[in-house]
Amino acid sequence: MTGASQSVGSVAHGSVLIRSVRPYGEGDPVDVLVTDGEIAALGADVDAPDGIDVIDGDGAVLLPGLVDLHTHLREPGREDTETIRSGSAAAALGGYTAVFAMANTAPVADNSTVTDNVWRTGREVGLVDVYPVGAVTVGLEGKQLAEMGMMAAGAAGVRMFSDDGKCVSDPLLMRRALEYAKGLGVLIAQHAEEPRLTVGAVAHEGPTAARLGLAGWPRAAEESIVVRDALLARDAGARVHICHASTEGTVSLLRWAKEQGINVTAEVTPHHLLLDDSRLQTYDAINKVNPPLREERDKIALRQALADGIVDCVATDHAPHAAQEKCCEFSQAKPGMLGLQTALPIVADTMVAPGLLDWRGVARVMSERPAEIVGLTDQGRPIAVGEPANLTLIDPETSWVVRGRDLASLSANTPYEAMSMPATVVATVLRGVVTARDGQVTR
């Protein structure tokens, strides 16, 4: 799949013609004309204005640009492992047009000075829309609520708050956070982990960890917080979002909460859809993540829950780490994996290939639903005339081999090294501007 000539001065900024693509992977190929950042025409044999940039889709799948509710960009503080620019490049190459950057930076994003700076830097880079996530508590210490109102009112307009990496374990503090969030019209995203049940834990509590001599992280540590926060959200009339759901029991609790009319949403990571704790046999810390890789039955339950809408969306939990933070004793390694460039192929492998989702379903769980959860009005929109041109073009027939050193991230901690991935992102378009194309960022 190749592109044609570069755009010239006579063509409006944010203009491109995408030839021969199938929106949502359905029907016969059509052409999509984008001008001034919006979809201007959609149909067969659309005329191309002189000098416009042309992408030959060759029958590929066209989806709304992907939205990631859970990304770690490490800036400020750990620019040796990732920056907003490098993370934005990885996101664009992965088909994303918007990402939410978690608050566990240094300094912590617990005030509007930090969140506004992250927002402005993301805008300057311009590869994806970078939305900072504000901390729920000062310094992520779980003792005092952060200035959520000031962050929400700042230039960044923070709309989601999370202490991700740590649980807001104090139930009274979590209740207050939910009450404030309701008044502000923002979302609390919880890292569900009862810390008293996971002291020293490094792996899923089960036969594999027992055999390997690794301290276990029980399912109950996650599930007890999920049900507690669902009840707190119910009583506060607030919304709560569960980060990286990982257990079969969490699925059951989410189903129950939704049946009760509780406003709870949840995400699942690509690695919890694809991998399980059998990967730990080698003690390779590349497989260490929080929450940990679970068992086969958890993986199966999560896949079905995503298909059924019990789990609402896919979020990467993209977590770059330096080599020395992974090449060490398993118990001492930092938890986390890269995810932005491999998320869509993994969803294609685990959900599309077995028939659990079609490509319209992929749009729902990777674009439309996450945008809806956080109230983005210009992302996850239908592919239709007059809509914002935030788009990703996917070749579902072309595979590629993962090489950590070749990924856009400054870190290389991918658990998928040397694995063949189905589906390739051909191009990503942000408000009509091509940000990634044929494996390269364009700005």
# chains A, B, ... in the order shown; residues from 1 in each chain; ligands from 1

$ residues_around --residues "Ala333 of chain A" --least-positions-apart "5" --cutoff "9 Å" --atoms "only C-alpha atoms" --output "VMD selection string"
chain A and resid 285 to 286 288 324 to 328

$ closest_atom_pairs --of "segment 168-220 of chain A" --to "segment 135-147 of chain A" --cutoff "8 Å" --atoms "only C-alpha atoms" --output "Markdown table"
| residue | atom | partner | partner_atom | distance |
| --- | --- | --- | --- | --- |
| A:Val168 | CA | A:Gly142 | CA | 5.7 |
| A:Ser169 | CA | A:Gly142 | CA | 7.2 |
| A:Asp170 | CA | A:Gly142 | CA | 7.1 |
| A:Leu173 | CA | A:Leu145 | CA | 7.4 |
| A:Ala177 | CA | A:Leu145 | CA | 7.0 |
| A:Ile188 | CA | A:Val136 | CA | 7.6 |

$ residues_around --residues "Gly94 of chain A" --least-positions-apart "5" --cutoff "8 Å" --atoms "only C-alpha atoms" --output "PyMOL selection string"
chain A and resi 340-344+425

$ closest_residue --among "A:Ala90, A:Val264, A:Val30, A:Val186" --to "Asp58 of chain A" --atoms "only C-alpha atoms"
A:Val30

$ closest_residue --among "A:Gly183, A:Gly126, A:Pro292, A:Gly165" --to "Arg279 of chain A" --atoms "only C-alpha atoms"
A:Pro292

$ closest_residue --among "A:Pro382, A:Leu430, A:Pro23, A:Val34" --to "Ala48 of chain A" --atoms "only C-alpha atoms"
A:Val34

$ residues_around --residues "Gly380 of chain A" --least-positions-apart "5" --cutoff "12 Å" --atoms "only C-alpha atoms" --output "MDAnalysis selection string"
chainID A and resid 63:68 96:98 360 362:375 387:392 430

$ write_last_selection --atoms "C-alpha atoms" --output "tab-separated table (two decimals), in the first residue's frame"
chain	number	residue	atom	x	y	z
A	63	LEU	CA	-11.92	2.66	11.47
A	64	PRO	CA	-12.35	5.74	13.65
A	65	GLY	CA	-9.04	6.68	15.27
A	66	LEU	CA	-8.34	4.59	18.34
A	67	VAL	CA	-8.64	6.05	21.87
A	68	ASP	CA	-6.53	4.73	24.76
A	96	TYR	CA	-4.39	5.99	17.99
A	97	THR	CA	-5.61	9.56	17.70
A	98	ALA	CA	-6.13	10.19	21.44
A	360	ARG	CA	-17.31	-2.67	13.75
A	362	VAL	CA	-13.32	-3.35	17.26
A	363	ALA	CA	-14.32	0.26	16.57
A	364	ARG	CA	-16.73	0.04	19.50
A	365	VAL	CA	-14.22	-1.25	22.07
A	366	MET	CA	-11.13	0.65	20.91
A	367	SER	CA	-12.59	3.97	19.78
A	368	GLU	CA	-16.28	4.68	20.29
A	369	ARG	CA	-16.82	3.39	23.81
A	370	PRO	CA	-13.62	4.80	25.33
A	371	ALA	CA	-14.39	8.21	23.80
A	372	GLU	CA	-17.89	8.03	25.22
A	373	ILE	CA	-16.67	7.05	28.70
A	374	VAL	CA	-14.56	10.22	29.00
A	375	GLY	CA	-16.86	12.49	27.02
A	387	GLU	CA	-17.64	14.11	11.00
A	388	PRO	CA	-14.12	14.88	12.29
A	389	ALA	CA	-11.48	13.04	10.27
A	390	ASN	CA	-9.82	11.09	13.08
A	391	LEU	CA	-9.19	7.79	11.33
A	392	THR	CA	-7.00	4.72	11.20
A	430	LEU	CA	-5.69	13.24	13.09

$ atom_distance --atom1 "atom CA of Gly59 of chain A" --atom2 "atom CA of Ala41 of chain A"
17.3 Å

$ atom_distance --atom1 "atom CA of Thr414 of chain A" --atom2 "atom CA of Leu338 of chain A"
5.2 Å

$ closest_residue --among "A:Pro195, A:Glu329, A:Ala301, A:Arg123" --to "Thr282 of chain A" --atoms "only C-alpha atoms"
A:Glu329

$ residues_around --residues "Arg19 of chain A" --least-positions-apart "2" --cutoff "9 Å" --atoms "only C-alpha atoms" --output "list in words"
Leu17, Val21, Pro29, Val30, Asp31, Val32, Leu33, Ala44, Asp45, Val46, Val54, Ile55, Asp56, Gly57, Asp58 and Gly59 of chain A

$ write_last_selection --atoms "C-alpha atoms" --output "short mmCIF file (atom, residue, chain, number, x, y, z; two decimals), in the first residue's frame"
data_model
loop_
_atom_site.label_atom_id
_atom_site.label_comp_id
_atom_site.auth_asym_id
_atom_site.auth_seq_id
_atom_site.Cartn_x
_atom_site.Cartn_y
_atom_site.Cartn_z
CA LEU A 17 -8.03 11.53 -0.18
CA VAL A 21 -11.18 1.49 1.74
CA PRO A 29 -14.46 -0.25 -1.15
CA VAL A 30 -15.16 3.48 -1.26
CA ASP A 31 -13.12 6.68 -1.42
CA VAL A 32 -13.01 9.07 1.52
CA LEU A 33 -12.24 12.75 0.89
CA ALA A 44 -17.14 5.50 -5.24
CA ASP A 45 -14.73 7.39 -7.50
CA VAL A 46 -14.56 10.62 -5.51
CA VAL A 54 -3.62 10.54 -1.74
CA ILE A 55 -3.44 7.28 0.20
CA ASP A 56 -4.21 4.10 -1.75
CA GLY A 57 -6.09 1.91 0.71
CA ASP A 58 -6.24 -1.11 -1.61
CA GLY A 59 -9.40 -2.41 0.08
#

$ closest_atom_pairs --of "segment 293-380 of chain A" --to "segment 272-278 of chain A" --cutoff "10 Å" --atoms "only C-alpha atoms" --output "tab-separated table"
residue	atom	partner	partner_atom	distance
A:Leu293	CA	A:Asp276	CA	4.9
A:Arg294	CA	A:Asp276	CA	5.2
A:Glu295	CA	A:Asp276	CA	5.3
A:Glu296	CA	A:Asp276	CA	6.0
A:Arg297	CA	A:Asp276	CA	9.2
A:Asp298	CA	A:His272	CA	8.3
A:Lys299	CA	A:Leu273	CA	5.4
A:Ile300	CA	A:Leu273	CA	7.6
A:Ala301	CA	A:Leu273	CA	9.2
A:Leu302	CA	A:Leu273	CA	6.6
A:Arg303	CA	A:Leu273	CA	6.1
A:Gln304	CA	A:Leu273	CA	9.9
A:Leu306	CA	A:Leu273	CA	9.5
A:Val314	CA	A:Leu273	CA	9.4
A:Thr316	CA	A:His272	CA	9.9
A:Ile346	CA	A:Leu274	CA	7.0
A:Val347	CA	A:Leu273	CA	7.9
A:Asp349	CA	A:Leu274	CA	8.4
A:Thr350	CA	A:Leu274	CA	6.5
A:Met351	CA	A:Leu273	CA	8.7

$ closest_residue --among "A:Cys167, A:Leu231, A:Ala238, A:Leu393" --to "Ala60 of chain A" --atoms "only C-alpha atoms"
A:Leu393

$ select_by_dssp --residues "segment 258-315 of chain A" --states "alpha helix (DSSP H)" --output "list in words"
Lys258, Glu259, Pro270, His271, His272, Leu273, Leu274, Glu296, Arg297, Asp298, Lys299, Ile300, Ala301, Leu302, Arg303, Gln304, Ala305, Leu306, Ala307 and Asp308 of chain A

$ write_last_selection --atoms "N, CA and C atoms" --output "short mmCIF file (atom, residue, chain, number, x, y, z; two decimals), in the first residue's frame"
data_model
loop_
_atom_site.label_atom_id
_atom_site.label_comp_id
_atom_site.auth_asym_id
_atom_site.auth_seq_id
_atom_site.Cartn_x
_atom_site.Cartn_y
_atom_site.Cartn_z
N LYS A 258 -23.75 -3.73 36.75
CA LYS A 258 -24.48 -3.12 35.63
C LYS A 258 -25.95 -3.52 35.68
N GLU A 259 -26.23 -4.72 36.10
CA GLU A 259 -27.62 -5.15 36.24
C GLU A 259 -28.35 -4.35 37.31
N PRO A 270 -4.67 -5.54 26.28
CA PRO A 270 -4.36 -6.57 25.30
C PRO A 270 -3.61 -7.75 25.90
N HIS A 271 -2.69 -7.48 26.84
CA HIS A 271 -1.91 -8.60 27.38
C HIS A 271 -2.76 -9.53 28.24
N HIS A 272 -3.81 -9.03 28.87
CA HIS A 272 -4.68 -9.93 29.61
C HIS A 272 -5.64 -10.69 28.69
N LEU A 273 -5.79 -10.24 27.46
CA LEU A 273 -6.56 -10.99 26.47
C LEU A 273 -5.74 -12.10 25.83
N LEU A 274 -4.43 -11.91 25.73
CA LEU A 274 -3.58 -12.83 24.97
C LEU A 274 -2.74 -13.75 25.84
N GLU A 296 -5.69 -19.25 32.36
CA GLU A 296 -6.41 -19.42 31.10
C GLU A 296 -7.89 -19.08 31.25
N ARG A 297 -8.52 -19.50 32.33
CA ARG A 297 -9.96 -19.25 32.48
C ARG A 297 -10.28 -17.77 32.64
N ASP A 298 -9.38 -17.03 33.26
CA ASP A 298 -9.56 -15.57 33.35
C ASP A 298 -9.50 -14.94 31.97
N LYS A 299 -8.54 -15.37 31.19
CA LYS A 299 -8.37 -14.85 29.83
C LYS A 299 -9.61 -15.10 28.99
N ILE A 300 -10.14 -16.30 29.07
CA ILE A 300 -11.34 -16.65 28.30
C ILE A 300 -12.54 -15.81 28.75
N ALA A 301 -12.68 -15.64 30.06
CA ALA A 301 -13.79 -14.84 30.59
C ALA A 301 -13.69 -13.38 30.16
N LEU A 302 -12.49 -12.84 30.13
CA LEU A 302 -12.30 -11.45 29.73
C LEU A 302 -12.63 -11.25 28.26
N ARG A 303 -12.24 -12.19 27.43
CA ARG A 303 -12.56 -12.09 26.01
C ARG A 303 -14.08 -12.07 25.79
N GLN A 304 -14.78 -12.98 26.46
CA GLN A 304 -16.22 -13.03 26.29
C GLN A 304 -16.89 -11.78 26.86
N ALA A 305 -16.37 -11.30 27.98
CA ALA A 305 -16.94 -10.09 28.58
C ALA A 305 -16.77 -8.87 27.69
N LEU A 306 -15.64 -8.80 27.00
CA LEU A 306 -15.42 -7.69 26.06
C LEU A 306 -16.40 -7.79 24.90
N ALA A 307 -16.59 -8.98 24.38
CA ALA A 307 -17.54 -9.18 23.29
C ALA A 307 -18.96 -8.82 23.71
N ASP A 308 -19.31 -9.13 24.96
CA ASP A 308 -20.67 -8.92 25.46
C ASP A 308 -20.92 -7.50 25.95
#
